[in-house]
>>> print(open('start38.txt').read())   # compact mmCIF, C-alpha atoms
# COMPACT_ATOMS: atom_id res chain seq x y z
CA MET A 1 -57.91 68.78 6.24
CA ASN A 2 -55.54 69.81 3.44
CA THR A 3 -57.40 71.14 0.38
CA TYR A 4 -55.40 69.05 -2.08
CA VAL A 5 -54.09 66.13 -0.03
CA ARG A 6 -56.27 64.73 2.71
CA GLU A 7 -53.48 63.35 4.92
CA PRO A 8 -50.16 64.75 3.63
CA VAL A 9 -47.69 62.90 5.87
CA ASN A 10 -49.37 59.52 5.39
CA ALA A 11 -49.75 60.12 1.65
CA PHE A 12 -46.20 61.26 0.95
CA THR A 13 -44.46 58.65 3.11
CA HIS A 14 -46.12 55.86 1.17
CA LEU A 15 -45.83 57.63 -2.18
CA GLY A 16 -42.11 57.63 -1.46
CA GLY A 17 -42.43 53.95 -0.61
CA ALA A 18 -44.03 53.28 -4.00
CA VAL A 19 -41.17 55.03 -5.81
CA LEU A 20 -38.57 53.13 -3.80
CA ALA A 21 -40.45 49.87 -4.43
CA PHE A 22 -40.26 50.50 -8.18
CA ILE A 23 -36.52 51.14 -7.94
CA ALA A 24 -36.15 48.00 -5.81
CA LEU A 25 -38.04 45.96 -8.41
CA LEU A 26 -35.74 47.16 -11.19
CA ALA A 27 -32.65 46.42 -9.08
CA MET A 28 -33.87 42.90 -8.27
CA LEU A 29 -34.76 42.20 -11.90
CA VAL A 30 -31.31 43.27 -13.09
CA LYS A 31 -29.53 41.14 -10.50
CA VAL A 32 -31.71 38.06 -10.88
CA SER A 33 -31.47 38.23 -14.69
CA VAL A 34 -27.68 38.04 -14.40
CA LYS A 35 -27.27 35.60 -11.51
CA MET A 36 -30.24 33.22 -11.80
CA PRO A 37 -32.30 33.87 -14.94
CA SER A 38 -34.92 31.21 -14.24
CA PHE A 39 -38.67 31.63 -14.62
CA ALA A 40 -39.25 30.93 -10.92
CA ALA A 41 -36.68 33.46 -9.74
CA ILE A 42 -37.84 36.22 -12.08
CA THR A 43 -41.48 35.55 -11.16
CA ALA A 44 -40.60 35.67 -7.47
CA VAL A 45 -38.94 39.08 -7.57
CA ILE A 46 -41.71 40.48 -9.78
CA LEU A 47 -44.33 39.34 -7.28
CA PHE A 48 -42.33 40.84 -4.42
CA GLY A 49 -41.72 44.15 -6.18
CA ILE A 50 -45.29 44.50 -7.42
CA GLY A 51 -46.60 43.56 -3.97
CA MET A 52 -44.70 46.47 -2.46
CA MET A 53 -45.68 48.85 -5.25
CA VAL A 54 -49.43 48.18 -5.18
CA LEU A 55 -49.58 48.44 -1.38
CA TYR A 56 -47.77 51.76 -1.27
CA MET A 57 -49.64 53.18 -4.26
CA ALA A 58 -53.02 52.15 -2.83
CA SER A 59 -52.08 53.65 0.52
CA ALA A 60 -50.82 56.89 -1.05
CA VAL A 61 -54.00 57.30 -3.09
CA TYR A 62 -56.26 56.55 -0.13
CA HIS A 63 -54.52 59.05 2.10
CA SER A 64 -54.36 61.64 -0.70
CA VAL A 65 -57.81 61.63 -2.23
CA VAL A 66 -60.19 64.44 -1.35
CA ALA A 67 -63.61 63.14 -2.35
CA SER A 68 -66.95 61.93 -1.07
CA GLU A 69 -67.11 59.51 1.84
CA ARG A 70 -68.14 56.75 -0.57
CA VAL A 71 -65.06 57.23 -2.74
CA ILE A 72 -62.75 57.45 0.28
CA TYR A 73 -64.33 54.28 1.69
CA PHE A 74 -63.62 52.44 -1.59
CA PHE A 75 -59.96 53.43 -1.54
CA ARG A 76 -59.72 52.50 2.14
CA LYS A 77 -60.96 49.00 1.30
CA LEU A 78 -58.43 48.80 -1.51
CA ASP A 79 -55.65 49.99 0.80
CA HIS A 80 -56.41 47.36 3.43
CA SER A 81 -56.79 44.60 0.82
CA MET A 82 -53.40 45.34 -0.70
CA ILE A 83 -51.75 44.48 2.62
CA PHE A 84 -52.49 40.84 1.80
CA ILE A 85 -50.85 41.27 -1.61
CA LEU A 86 -47.76 42.78 0.02
CA ILE A 87 -47.45 39.91 2.51
CA ALA A 88 -47.95 37.24 -0.15
CA GLY A 89 -45.51 38.95 -2.51
CA THR A 90 -42.88 39.13 0.20
CA TYR A 91 -43.09 35.36 0.62
CA ALA A 92 -42.51 34.69 -3.09
CA PRO A 93 -38.67 34.91 -3.20
CA PHE A 94 -38.29 32.78 -0.08
CA CYS A 95 -40.75 30.17 -1.37
CA LEU A 96 -39.71 29.99 -5.02
CA ILE A 97 -35.96 30.64 -4.70
CA THR A 98 -34.73 29.84 -1.19
CA LEU A 99 -36.90 26.79 -0.54
CA SER A 100 -37.63 25.93 -4.21
CA SER A 101 -39.01 22.53 -3.22
CA ALA A 102 -42.26 20.92 -2.17
CA ASN A 103 -42.05 22.96 1.04
CA GLY A 104 -41.64 26.17 -0.92
CA LEU A 105 -44.53 25.40 -3.25
CA LEU A 106 -46.74 24.43 -0.31
CA LEU A 107 -45.99 27.65 1.54
CA PHE A 108 -46.43 29.70 -1.63
CA CYS A 109 -49.87 28.21 -2.29
CA LEU A 110 -50.83 28.57 1.37
CA VAL A 111 -50.00 32.28 1.60
CA TYR A 112 -51.65 33.18 -1.70
CA ALA A 113 -54.78 31.22 -0.77
CA THR A 114 -54.78 33.07 2.55
CA ALA A 115 -54.34 36.38 0.72
CA ILE A 116 -57.33 35.68 -1.53
CA CYS A 117 -59.47 34.67 1.45
CA GLY A 118 -58.27 37.74 3.35
CA ILE A 119 -59.23 40.09 0.53
CA VAL A 120 -62.69 38.51 0.28
CA PHE A 121 -63.02 38.77 4.07
CA LYS A 122 -62.18 42.49 3.99
CA MET A 123 -64.64 43.08 1.16
CA PHE A 124 -67.54 41.53 3.07
CA TRP A 125 -66.63 42.52 6.65
CA PHE A 126 -64.48 45.57 6.31
CA ASN A 127 -65.53 47.05 9.64
CA CYS A 128 -64.47 44.03 11.65
CA PRO A 129 -62.69 44.77 14.96
CA ARG A 130 -59.28 46.32 14.36
CA TRP A 131 -57.57 43.69 16.52
CA LEU A 132 -59.03 40.93 14.32
CA SER A 133 -57.84 42.32 10.98
CA THR A 134 -54.44 43.22 12.44
CA GLY A 135 -54.17 39.72 13.92
CA ILE A 136 -54.90 38.12 10.55
CA TYR A 137 -52.16 40.18 8.88
CA LEU A 138 -49.65 39.26 11.58
CA LEU A 139 -50.54 35.55 11.59
CA MET A 140 -50.15 35.43 7.82
CA GLY A 141 -46.83 37.23 8.06
CA TRP A 142 -45.43 34.84 10.64
CA LEU A 143 -46.53 31.61 8.90
CA ILE A 144 -42.90 31.37 7.80
CA VAL A 145 -41.94 30.05 11.25
CA LEU A 146 -43.64 26.75 10.34
CA PHE A 147 -40.99 26.32 7.64
CA PHE A 148 -38.08 27.85 9.53
CA ALA A 149 -35.94 24.69 9.61
CA PRO A 150 -35.75 24.17 5.81
CA LEU A 151 -35.46 27.93 5.34
CA ALA A 152 -32.48 28.15 7.70
CA GLU A 153 -30.77 25.33 5.80
CA ASN A 154 -30.89 27.31 2.56
CA LEU A 155 -30.56 30.94 3.68
CA SER A 156 -27.49 32.49 5.30
CA THR A 157 -27.54 34.09 8.74
CA GLY A 158 -27.67 37.61 7.31
CA GLY A 159 -30.71 36.78 5.23
CA ILE A 160 -32.46 35.21 8.21
CA LEU A 161 -31.69 38.22 10.41
CA PHE A 162 -33.04 40.73 7.89
CA LEU A 163 -36.11 38.53 7.39
CA ILE A 164 -36.79 38.43 11.13
CA LEU A 165 -36.02 42.14 11.50
CA GLY A 166 -38.58 42.95 8.83
CA GLY A 167 -41.15 40.83 10.63
CA ILE A 168 -40.41 42.64 13.88
CA PHE A 169 -40.83 46.05 12.22
CA TYR A 170 -44.16 45.00 10.71
CA THR A 171 -45.30 43.53 14.02
CA ILE A 172 -44.45 46.69 15.97
CA GLY A 173 -46.28 48.70 13.32
CA GLY A 174 -49.25 46.35 13.56
CA PHE A 175 -49.48 46.77 17.32
CA ILE A 176 -49.27 50.55 16.95
CA TYR A 177 -52.03 50.44 14.33
CA GLY A 178 -54.21 48.17 16.43
CA ALA A 179 -53.70 49.89 19.79
CA LYS A 180 -53.65 53.53 18.60
CA PRO A 181 -51.57 54.65 21.62
CA LYS A 182 -52.24 58.25 22.64
CA TRP A 183 -48.65 58.75 23.78
CA LEU A 184 -47.53 58.49 20.15
CA GLU A 185 -49.48 61.59 19.15
CA PHE A 186 -47.29 64.56 18.21
CA LYS A 187 -47.87 67.80 16.31
CA TYR A 188 -47.21 66.45 12.83
CA MET A 189 -46.87 62.73 13.54
CA GLY A 190 -49.54 60.54 15.08
CA HIS A 191 -49.75 56.81 15.67
CA HIS A 192 -50.83 56.19 12.06
CA GLU A 193 -47.90 58.10 10.59
CA ILE A 194 -45.51 56.18 12.84
CA PHE A 195 -47.21 52.95 11.76
CA HIS A 196 -46.41 53.93 8.16
CA VAL A 197 -42.74 54.41 9.05
CA PHE A 198 -42.55 50.91 10.55
CA VAL A 199 -44.16 49.44 7.43
CA LEU A 200 -41.49 51.13 5.31
CA LEU A 201 -38.76 49.78 7.59
CA GLY A 202 -40.24 46.29 7.32
CA SER A 203 -40.19 46.45 3.53
CA LEU A 204 -36.62 47.75 3.55
CA ALA A 205 -35.41 44.90 5.77
CA HIS A 206 -37.12 42.29 3.60
CA PHE A 207 -35.75 43.87 0.43
CA LEU A 208 -32.22 43.68 1.87
CA SER A 209 -32.79 40.03 2.77
CA VAL A 210 -33.92 39.22 -0.76
CA TYR A 211 -31.46 41.40 -2.69
CA CYS A 212 -28.35 40.61 -0.64
CA TYR A 213 -28.93 36.99 0.34
CA VAL A 214 -31.70 35.32 -1.69
CA ILE A 215 -30.80 36.35 -5.24
>>> encode(input="start38.txt", output="structure tokens")
Amino acid sequence: MNTYVREPVNAFTHLGGAVLAFIALLAMLVKVSVKMPSFAAITAVILFGIGMMVLYMASAVYHSVVASERVIYFFRKLDHSMIFILIAGTYAPFCLITLSSANGLLLFCLVYATAICGIVFKMFWFNCPRWLSTGIYLLMGWLIVLFFAPLAENLSTGGILFLILGGIFYTIGGFIYGAKPKWLEFKYMGHHEIFHVFVLLGSLAHFLSVYCYVI
């Protein structure tokens, strides 16, 4: 264990993610303020940007902190709970800007209600089977397929492709996290570090979908 940073690779990859998320938030705010300065659009990109930032900051702190098991356990709970905030935040631009209708509002309320329930679930049964928690994250992430038809009517092919690509990256990362494959263990990179990389790639793909095609 590192004296100052408990898991350096995991900590610094997601600390970098937090910095990039902040830059992404600023870029989205500038663009949306010029192109579509509505309350819904600004709220949507803020929720998306903050969702990325809090997830990556919580993850960076959890993997950095050198403390008692009780403190580490608290930050681990926070880290896992923020995944729900990231997923819900990612939905916001597609719900409030792309759909911007009854369908969008319904999906928005559905994902945020699911996020709240998911956080409560993790608080009370944090040590549930890994496949169960991973499955909940993935199911929440792919709820968008229920609204794919109206989404495809309002979002260009490029936006759809980046949206799907992001989902694929997150899904691959989720399977790596859930399965913990031994063949992905290297000297400085293990399955968890590789999982972090796929999470970053998922966020990047979804950012490109939002920045280039939604706003």
>>> residues_around(input="start38.txt", residues="region 157-168 of chain A", least_positions_apart="4", cutoff="7 Å", atoms="all atoms listed in the file", output="compact mmCIF listing (two decimals) with C-alpha atoms, in the coordinates of the input")
# COMPACT_ATOMS: atom_id res chain seq x y z
CA ILE A 172 -44.45 46.69 15.97
CA LEU A 201 -38.76 49.78 7.59
CA GLY A 202 -40.24 46.29 7.32
CA SER A 203 -40.19 46.45 3.53
CA ALA A 205 -35.41 44.90 5.77
CA HIS A 206 -37.12 42.29 3.60
CA LEU A 208 -32.22 43.68 1.87
CA SER A 209 -32.79 40.03 2.77
CA TYR A 213 -28.93 36.99 0.34
>>> residues_near_point(input="start38.txt", point="(-43.7, 49.8, -11.4)", cutoff="10 Å", atoms="all atoms listed in the file", output="list in words")
Ala18, Val19, Leu20, Ala21, Phe22, Ile23, Ala24, Leu25, Leu26, Ile46, Gly49, Ile50, Met52, Met53, Val54 and Met57 of chain A
>>> write_last_selection(input="start38.txt", atoms="C-alpha atoms", output="PDB file, keeping the file's coordinate frame")
ATOM      1  CA  ALA A  18     -44.030  53.280  -4.000  1.00  0.00           C
ATOM      2  CA  VAL A  19     -41.170  55.030  -5.810  1.00  0.00           C
ATOM      3  CA  LEU A  20     -38.570  53.130  -3.800  1.00  0.00           C
ATOM      4  CA  ALA A  21     -40.450  49.870  -4.430  1.00  0.00           C
ATOM      5  CA  PHE A  22     -40.260  50.500  -8.180  1.00  0.00           C
ATOM      6  CA  ILE A  23     -36.520  51.140  -7.940  1.00  0.00           C
ATOM      7  CA  ALA A  24     -36.150  48.000  -5.810  1.00  0.00           C
ATOM      8  CA  LEU A  25     -38.040  45.960  -8.410  1.00  0.00           C
ATOM      9  CA  LEU A  26     -35.740  47.160 -11.190  1.00  0.00           C
ATOM     10  CA  ILE A  46     -41.710  40.480  -9.780  1.00  0.00           C
ATOM     11  CA  GLY A  49     -41.720  44.150  -6.180  1.00  0.00           C
ATOM     12  CA  ILE A  50     -45.290  44.500  -7.420  1.00  0.00           C
ATOM     13  CA  MET A  52     -44.700  46.470  -2.460  1.00  0.00           C
ATOM     14  CA  MET A  53     -45.680  48.850  -5.250  1.00  0.00           C
ATOM     15  CA  VAL A  54     -49.430  48.180  -5.180  1.00  0.00           C
ATOM     16  CA  MET A  57     -49.640  53.180  -4.260  1.00  0.00           C
TER      17      MET A  57
END
>>> atom_distance(input="start38.txt", atom1="CA of Lys31 (chain A)", atom2="CA of Leu55 (chain A)")
23.2 Å
>>> atom_distance(input="start38.txt", atom1="CA of Leu143 (chain A)", atom2="CA of Phe94 (chain A)")
12.2 Å
>>> residues_around(input="start38.txt", residues="Gly178 (chain A)", least_positions_apart="6", cutoff="9 Å", atoms="all atoms listed in the file", output="count of residues only")
6
>>> closest_residue(input="start38.txt", among="A:Gly174, A:Gly16, A:Gly51, A:Gly118", to="His192 (chain A)", atoms="all atoms listed in the file")
A:Gly174
>>> closest_residue(input="start38.txt", among="A:Leu110, A:Leu15, A:Ile97, A:Ile119", to="Leu78 (chain A)", atoms="all atoms listed in the file")
A:Ile119
>>> residues_around(input="start38.txt", residues="Ala40 (chain A)", least_positions_apart="3", cutoff="7 Å", atoms="all atoms listed in the file", output="PyMOL selection string")
chain A and resi 43-44+96
>>> residues_near_point(input="start38.txt", point="(-44.4, 64.6, 1.4)", cutoff="12 Å", atoms="only C-alpha atoms", output="list in words")
Val5, Arg6, Glu7, Pro8, Val9, Asn10, Ala11, Phe12, Thr13, His14, Leu15, Gly16, Gly17, Ala60, His63, Ser64, Tyr188 and Glu193 of chain A
>>> atom_distance(input="start38.txt", atom1="CA of Phe75 (chain A)", atom2="CA of Ser59 (chain A)")
8.1 Å
>>> residues_around(input="start38.txt", residues="Phe124 (chain A)", least_positions_apart="6", cutoff="12 Å", atoms="all atoms listed in the file", output="list in words")
Lys77, Ser81, Cys117 and Gly118 of chain A
>>> closest_residue(input="start38.txt", among="A:Val197, A:Cys212, A:Phe48, A:Asp79", to="Val61 (chain A)", atoms="all atoms listed in the file")
A:Asp79
>>> closest_residue(input="start38.txt", among="A:Val111, A:Ala58, A:Leu106, A:Val45", to="Val32 (chain A)", atoms="all atoms listed in the file")
A:Val45
